[in-house]
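Notes to accompany the following structure.
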Amino acid sequence: MTQQKSIIRIDSAPPRHWVGDGFHVHSMFSYNQDAHLYSPFLMLDYGAPYHCEPRDVNNGATPRGVGSHPHRGFETVTIAYSGEVAHRDSSGGGGIIGEGDVQWMTAGSGLVHDEFHSPAFSQAGGVMHMVQLWVNLPAKDKMTKPGYQAITQAAIPQAILDVASTRAGSVRLIAGERGGVRGAATTFTPMNVWDVRIEAGKTISLPQPEGWTTLLLVQSGSVTVNGSKAAGAAQLVMLSRNGTDVDITASEDTQLLLLAGEPINEPVFGYGPFVMNTQAEIVQAFNDFNAGKFGQIAE
């Protein structure tokens, strides 16, 4: 017998802030508060759509973005809905993340990277719409070798959701599994990262495992979750770990991001770009970075 996951809370997006000069985001949550409630996820920055004016990089203007900075102990996941980001890191990973693409970067033992609007997007201007998620690594994997998964739109499996033989929406499986279909990304702990579209007036079912953290970031439209409370654009729904059923009814065409994962029941100790298990490990991360052990980005 199944049981619905109940709604724990619905949080509206706080005011936007700039990350560097290229990413205007709402910080929906971070490891600085109630980290255990969001595990295995550490941080979620939602870059709702905004228009970027052209910048003449062909004649020497600097692209918008974030300059070289380090990470250790977790993974960053960048999901591009529109716009383009050029990424480089000291482990050799990099490339252009375009519409529909995902970058899954494992910082692990430590790397340095930068993220700028791509030259083509900078020159043309346009709408930037992205999400960046930080995913924790368990203690045994925090010092794993850095890695990079460049996941193109074409590589992400998509399932059409039908209700009574009528199309109700779709799910792109960035990570995890649904109906025996595996998502595109490789993860260190079990999780589902799904890009979901629901058509107006339709109800879909997206059950998640018992005991898992389950979050819904509504990006556009409005929904009612498990026949209970309504949530709209730029709101984050936290569901209980108890139960499995997640039924979502859209009152209008809706786009949302589903994040669900098995909690990592270990201490979270973070400072800025480093997330480890103890203060001593954070001190070591700073020492290693200052000693040049994270490498350099190849020019």
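Identifiers in this document derive from the order of the structure tokens: chains are assigned A, B, ..., residues are numbered from 1 separately in each chain, and ligands are numbered from 1 in order of occurrence.
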Test item: residues at most 10 Å from Trp212 of chain A, only C-alpha atoms, excluding those fewer than 2 positions along its chain, as a list in words
Tyr38, Ser39, Pro40, Pro190, Met191, Asn192, Gln208, Pro209, Glu210, Thr214, Leu215, Leu239, Ser240, Arg241, Asn242, Gly243, Thr244, Leu259, Ala260, Gly261, Glu262 and Pro263 of chain A
Let's see if you can do this: from backbone DSSP, list all helix (DSSP H, G or I) residues in segment 96-240 of chain A, as number ranges by chain.
A: 119-124, 139-141, 153-155
Report as a list in words all protein, DNA and RNA residues lying within 7 Å of Arg88 of chain A, evaluated on only C-alpha atoms, omitting residues in the same chain fewer than 3 positions from it.
Gly93, Gly94, Gly95, His113, Asp114, Glu115 and Ile297 of chain A
Go ahead and save the residues from that selection, with C-alpha atoms, as a PDB file, in the first residue's frame.
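Output below, filename part00.pdb:
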```pdb
ATOM      1  CA  GLY A  93      37.005  19.661 -18.475  1.00  0.00           C
ATOM      2  CA  GLY A  94      35.180  22.301 -20.418  1.00  0.00           C
ATOM      3  CA  GLY A  95      33.005  23.309 -23.312  1.00  0.00           C
ATOM      4  CA  HIS A 113      37.134  26.640 -12.874  1.00  0.00           C
ATOM      5  CA  ASP A 114      35.547  29.649 -14.512  1.00  0.00           C
ATOM      6  CA  GLU A 115      32.150  30.218 -16.135  1.00  0.00           C
ATOM      7  CA  ILE A 297      43.172  26.431 -15.959  1.00  0.00           C
TER       8      ILE A 297
END
```
Residues of segment 165-276 of chain A that have any atom at most 6 Å from an atom of segment 69-79 of chain A: could you tabulate them with the shortest-distance atom pair and the distance in Å to one decimal, using only C-alpha atoms, ordered by chain and increasing number, as JSON lines?
```
{"residue": "A:Pro273", "atom": "CA", "partner": "A:His71", "partner_atom": "CA", "distance": 4.9}
{"residue": "A:Phe274", "atom": "CA", "partner": "A:Arg72", "partner_atom": "CA", "distance": 4.9}
{"residue": "A:Val275", "atom": "CA", "partner": "A:Gly73", "partner_atom": "CA", "distance": 5.2}
{"residue": "A:Met276", "atom": "CA", "partner": "A:Gly73", "partner_atom": "CA", "distance": 5.6}
```
Got a sec to tell me which of segment 97-196 of chain A DSSP assigns to strand (DSSP E), as number ranges by chain?
A: 97, 102-106, 111-117, 126-136, 147-151, 158-163, 166-175, 177-178, 181-182, 191-196
From the set A:Gly232, A:Pro14, A:Ser68, A:Val25, which residue has the shortest atom-to-atom contact distance to Gly295 of chain A, counting only C-alpha atoms?
A:Ser68
Counting only C-alpha atoms, the residue among A:Glu266, A:Asp288, A:Glu199, A:Asp34 that lies closest to Thr249 of chain A is A:Glu199
Of A:Ser91, A:Tyr50, A:His36, A:Phe116, the one sitting nearest Gly65 of chain A when using only C-alpha atoms is A:Phe116
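One distance worth recording is that between atom CA of Gly169 of chain A and atom CA of Ser222 of chain A, which is 14.0 Å.
Using only C-alpha atoms for every distance, the candidate list A:Ala200, A:Ile151, A:Ala234, A:Met43 yields A:Ile151 as the residue closest to Leu173 of chain A.
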Quick one: everything within 10 Å of Met130 of chain A, counting only C-alpha atoms, minus sequence neighbours fewer than 3 positions away in the same chain. Send it as a list in words.
Phe23, His24, Val25, Asp45, Tyr46, Gly47, Ala48, Pro49, Tyr50, Thr78, Ile79, Ala80, Tyr81, Ser82, Gly83, Glu84, Val85, Glu99, Gly100, Val102 and Val127 of chain A
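When only C-alpha atoms are used to measure the gap to Val223 of chain A, the shortest distance among A:Gly20, A:Gly110, A:Pro157, A:Gly201 belongs to A:Gly201.
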As a list in words, please: the residues near Thr144 of chain A (cut-off 9 Å, only C-alpha atoms, same-chain neighbours under 4 positions excluded).
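Listed by chain and then number, they are Gly73, Thr106, Ala107, Gly108, Ser109, Gly110 and Lys140 of chain A.
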Using all heavy atoms, can you export the residues from the last selection as a tab-separated table (two decimals), in the first residue's frame?
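Saved result, result.tsv, follows:
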```tsv
chain	number	residue	atom	x	y	z
A	73	GLY	N	34.97	18.79	-2.60
A	73	GLY	CA	34.08	18.02	-1.74
A	73	GLY	C	32.67	17.78	-2.25
A	73	GLY	O	31.87	17.14	-1.55
A	106	THR	N	32.36	17.19	-11.22
A	106	THR	CA	32.77	16.63	-9.94
A	106	THR	C	34.03	17.35	-9.48
A	106	THR	O	35.12	17.15	-10.04
A	106	THR	CB	33.03	15.12	-10.06
A	106	THR	OG1	31.86	14.47	-10.57
A	106	THR	CG2	33.40	14.52	-8.71
A	107	ALA	N	33.90	18.20	-8.45
A	107	ALA	CA	35.07	18.89	-7.92
A	107	ALA	C	35.97	17.92	-7.16
A	107	ALA	O	37.19	17.99	-7.25
A	107	ALA	CB	34.64	20.04	-7.02
A	108	GLY	N	35.34	17.02	-6.38
A	108	GLY	CA	36.12	16.00	-5.67
A	108	GLY	C	37.25	16.60	-4.86
A	108	GLY	O	37.05	17.51	-4.06
A	109	SER	N	38.47	16.11	-5.10
A	109	SER	CA	39.64	16.52	-4.31
A	109	SER	C	40.04	17.96	-4.54
A	109	SER	O	40.83	18.52	-3.77
A	109	SER	CB	40.82	15.60	-4.62
A	109	SER	OG	41.16	15.68	-5.99
A	110	GLY	N	39.50	18.58	-5.59
A	110	GLY	CA	39.75	20.00	-5.78
A	110	GLY	C	40.10	20.38	-7.20
A	110	GLY	O	40.89	19.70	-7.86
A	140	LYS	N	33.52	9.17	1.85
A	140	LYS	CA	34.45	8.27	1.17
A	140	LYS	C	34.81	8.72	-0.24
A	140	LYS	O	35.82	8.28	-0.81
A	140	LYS	CB	33.88	6.85	1.11
A	140	LYS	CG	32.63	6.70	0.24
A	140	LYS	CD	32.10	5.28	0.28
A	140	LYS	CE	30.88	5.10	-0.63
A	140	LYS	NZ	31.21	5.32	-2.04
```
What are the closest atom pairs, with distances in Å to one decimal, for all residues of segment 106-159 of chain A lying within 9 Å of segment 58-62 of chain A? Consider only C-alpha atoms, order rows by chain and residue number, and present the result as JSON lines.
```
{"residue": "A:Pro119", "atom": "CA", "partner": "A:Asn58", "partner_atom": "CA", "distance": 7.9}
{"residue": "A:Ser122", "atom": "CA", "partner": "A:Thr62", "partner_atom": "CA", "distance": 8.8}
{"residue": "A:Gln123", "atom": "CA", "partner": "A:Asn58", "partner_atom": "CA", "distance": 7.2}
```
Atom CA of Gly92 of chain A to atom CA of Asn287 of chain A, distance in Å rounded to a single decimal:
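Spanning atom CA of Gly92 of chain A to atom CA of Asn287 of chain A is a straight-line distance of 22.3 Å.
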Please determine, counting only C-alpha atoms, which residue among A:Tyr271, A:Phe289, A:Phe41, A:Phe121 has the shortest atom-to-atom distance to Val135 of chain A.
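Checking each candidate against Val135 of chain A, we get A:Phe41 as the closest.
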Kindly give the distance, in Å, that separates atom CA of Ser6 of chain A and atom CA of Thr203 of chain A, rounded to a single decimal.
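These two atoms are separated by 16.8 Å.
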Quick one: everything within 12 Å of Ser27 of chain A, counting only C-alpha atoms, minus sequence neighbours fewer than 3 positions away in the same chain. Send it as a ChimeraX atom specification.
/A:11-19,23-24,30-33,42-48,131-134,217,234-236
Would you list the contacts of Gly221 of chain A as an NGL selection string, taking every protein, DNA or RNA residue within 9 Å and counting only C-alpha atoms, but skipping same-chain residues closer than 2 positions in sequence?
:A and (200 or 218-219 or 223 or 231-233 or 250-256)
Save out the residues we just selected, all heavy atoms, as an mmCIF file, in the first residue's frame.
```cif
data_model
loop_
_atom_site.group_PDB
_atom_site.id
_atom_site.type_symbol
_atom_site.label_atom_id
_atom_site.label_comp_id
_atom_site.auth_asym_id
_atom_site.auth_seq_id
_atom_site.Cartn_x
_atom_site.Cartn_y
_atom_site.Cartn_z
ATOM 1 N N ALA A 200 -1.595 22.144 -19.034
ATOM 2 C CA ALA A 200 -2.677 22.735 -18.239
ATOM 3 C C ALA A 200 -3.821 21.753 -18.060
ATOM 4 O O ALA A 200 -4.264 21.091 -18.999
ATOM 5 C CB ALA A 200 -3.180 24.001 -18.916
ATOM 6 N N VAL A 218 9.259 25.002 -8.896
ATOM 7 C CA VAL A 218 8.333 25.436 -9.939
ATOM 8 C C VAL A 218 8.956 26.649 -10.634
ATOM 9 O O VAL A 218 9.247 27.661 -10.001
ATOM 10 C CB VAL A 218 6.957 25.798 -9.361
ATOM 11 C CG1 VAL A 218 6.001 26.212 -10.486
ATOM 12 C CG2 VAL A 218 6.380 24.630 -8.567
ATOM 13 N N GLN A 219 9.163 26.529 -11.943
ATOM 14 C CA GLN A 219 9.800 27.615 -12.689
ATOM 15 C C GLN A 219 8.786 28.490 -13.419
ATOM 16 O O GLN A 219 8.973 29.699 -13.537
ATOM 17 C CB GLN A 219 10.812 27.037 -13.671
ATOM 18 C CG GLN A 219 11.931 26.286 -12.950
ATOM 19 C CD GLN A 219 12.990 25.771 -13.887
ATOM 20 O OE1 GLN A 219 13.612 26.524 -14.613
ATOM 21 N NE2 GLN A 219 13.202 24.475 -13.890
ATOM 22 N N VAL A 223 0.863 24.741 -9.786
ATOM 23 C CA VAL A 223 0.500 23.347 -9.545
ATOM 24 C C VAL A 223 -0.129 23.187 -8.171
ATOM 25 O O VAL A 223 0.058 24.018 -7.283
ATOM 26 C CB VAL A 223 1.738 22.415 -9.624
ATOM 27 C CG1 VAL A 223 2.325 22.404 -11.026
ATOM 28 C CG2 VAL A 223 2.787 22.798 -8.585
ATOM 29 N N ALA A 231 1.369 25.777 -5.525
ATOM 30 C CA ALA A 231 2.659 26.451 -5.629
ATOM 31 C C ALA A 231 2.777 27.035 -7.026
ATOM 32 O O ALA A 231 2.293 26.463 -8.003
ATOM 33 C CB ALA A 231 3.802 25.478 -5.364
ATOM 34 N N GLY A 232 3.416 28.206 -7.101
ATOM 35 C CA GLY A 232 3.553 28.888 -8.375
ATOM 36 C C GLY A 232 5.003 29.155 -8.728
ATOM 37 O O GLY A 232 5.931 28.618 -8.102
ATOM 38 N N ALA A 233 5.196 29.996 -9.723
ATOM 39 C CA ALA A 233 6.526 30.259 -10.263
ATOM 40 C C ALA A 233 7.480 30.765 -9.183
ATOM 41 O O ALA A 233 7.104 31.553 -8.313
ATOM 42 C CB ALA A 233 6.429 31.270 -11.398
ATOM 43 N N ALA A 250 -1.526 20.502 -12.746
ATOM 44 C CA ALA A 250 -1.178 21.823 -13.265
ATOM 45 C C ALA A 250 -2.440 22.584 -13.638
ATOM 46 O O ALA A 250 -3.271 22.080 -14.389
ATOM 47 C CB ALA A 250 -0.273 21.681 -14.475
ATOM 48 N N SER A 251 -2.578 23.799 -13.122
ATOM 49 C CA SER A 251 -3.722 24.637 -13.496
ATOM 50 C C SER A 251 -3.433 25.418 -14.775
ATOM 51 O O SER A 251 -4.354 25.967 -15.392
ATOM 52 C CB SER A 251 -4.076 25.595 -12.360
ATOM 53 O OG SER A 251 -2.981 26.415 -12.041
ATOM 54 N N GLU A 252 -2.162 25.477 -15.144
ATOM 55 C CA GLU A 252 -1.736 26.072 -16.411
ATOM 56 C C GLU A 252 -0.463 25.343 -16.844
ATOM 57 O O GLU A 252 0.108 24.574 -16.073
ATOM 58 C CB GLU A 252 -1.488 27.570 -16.248
ATOM 59 C CG GLU A 252 -0.488 27.924 -15.159
ATOM 60 C CD GLU A 252 -0.407 29.426 -14.910
ATOM 61 O OE1 GLU A 252 -0.090 30.149 -15.873
ATOM 62 O OE2 GLU A 252 -0.652 29.858 -13.770
ATOM 63 N N ASP A 253 -0.043 25.548 -18.086
ATOM 64 C CA ASP A 253 1.186 24.897 -18.531
ATOM 65 C C ASP A 253 2.312 25.216 -17.558
ATOM 66 O O ASP A 253 2.529 26.382 -17.199
ATOM 67 C CB ASP A 253 1.565 25.378 -19.935
ATOM 68 C CG ASP A 253 0.639 24.828 -21.017
ATOM 69 O OD1 ASP A 253 -0.170 23.929 -20.707
ATOM 70 O OD2 ASP A 253 0.735 25.296 -22.159
ATOM 71 N N THR A 254 3.004 24.173 -17.118
ATOM 72 C CA THR A 254 3.964 24.309 -16.019
ATOM 73 C C THR A 254 5.298 23.648 -16.358
ATOM 74 O O THR A 254 5.347 22.591 -16.982
ATOM 75 C CB THR A 254 3.391 23.670 -14.733
ATOM 76 O OG1 THR A 254 2.240 24.416 -14.313
ATOM 77 C CG2 THR A 254 4.416 23.649 -13.608
ATOM 78 N N GLN A 255 6.363 24.299 -15.919
ATOM 79 C CA GLN A 255 7.710 23.743 -15.990
ATOM 80 C C GLN A 255 8.247 23.662 -14.567
ATOM 81 O O GLN A 255 8.177 24.639 -13.813
ATOM 82 C CB GLN A 255 8.625 24.616 -16.835
ATOM 83 C CG GLN A 255 10.081 24.158 -16.866
ATOM 84 C CD GLN A 255 10.971 25.094 -17.677
ATOM 85 O OE1 GLN A 255 10.491 26.059 -18.280
ATOM 86 N NE2 GLN A 255 12.254 24.818 -17.705
ATOM 87 N N LEU A 256 8.783 22.498 -14.195
ATOM 88 C CA LEU A 256 9.380 22.369 -12.866
ATOM 89 C C LEU A 256 10.568 21.429 -12.905
ATOM 90 O O LEU A 256 10.744 20.639 -13.836
ATOM 91 C CB LEU A 256 8.342 21.928 -11.829
ATOM 92 C CG LEU A 256 7.644 20.572 -11.986
ATOM 93 C CD1 LEU A 256 8.474 19.430 -11.409
ATOM 94 C CD2 LEU A 256 6.276 20.607 -11.299
#
```
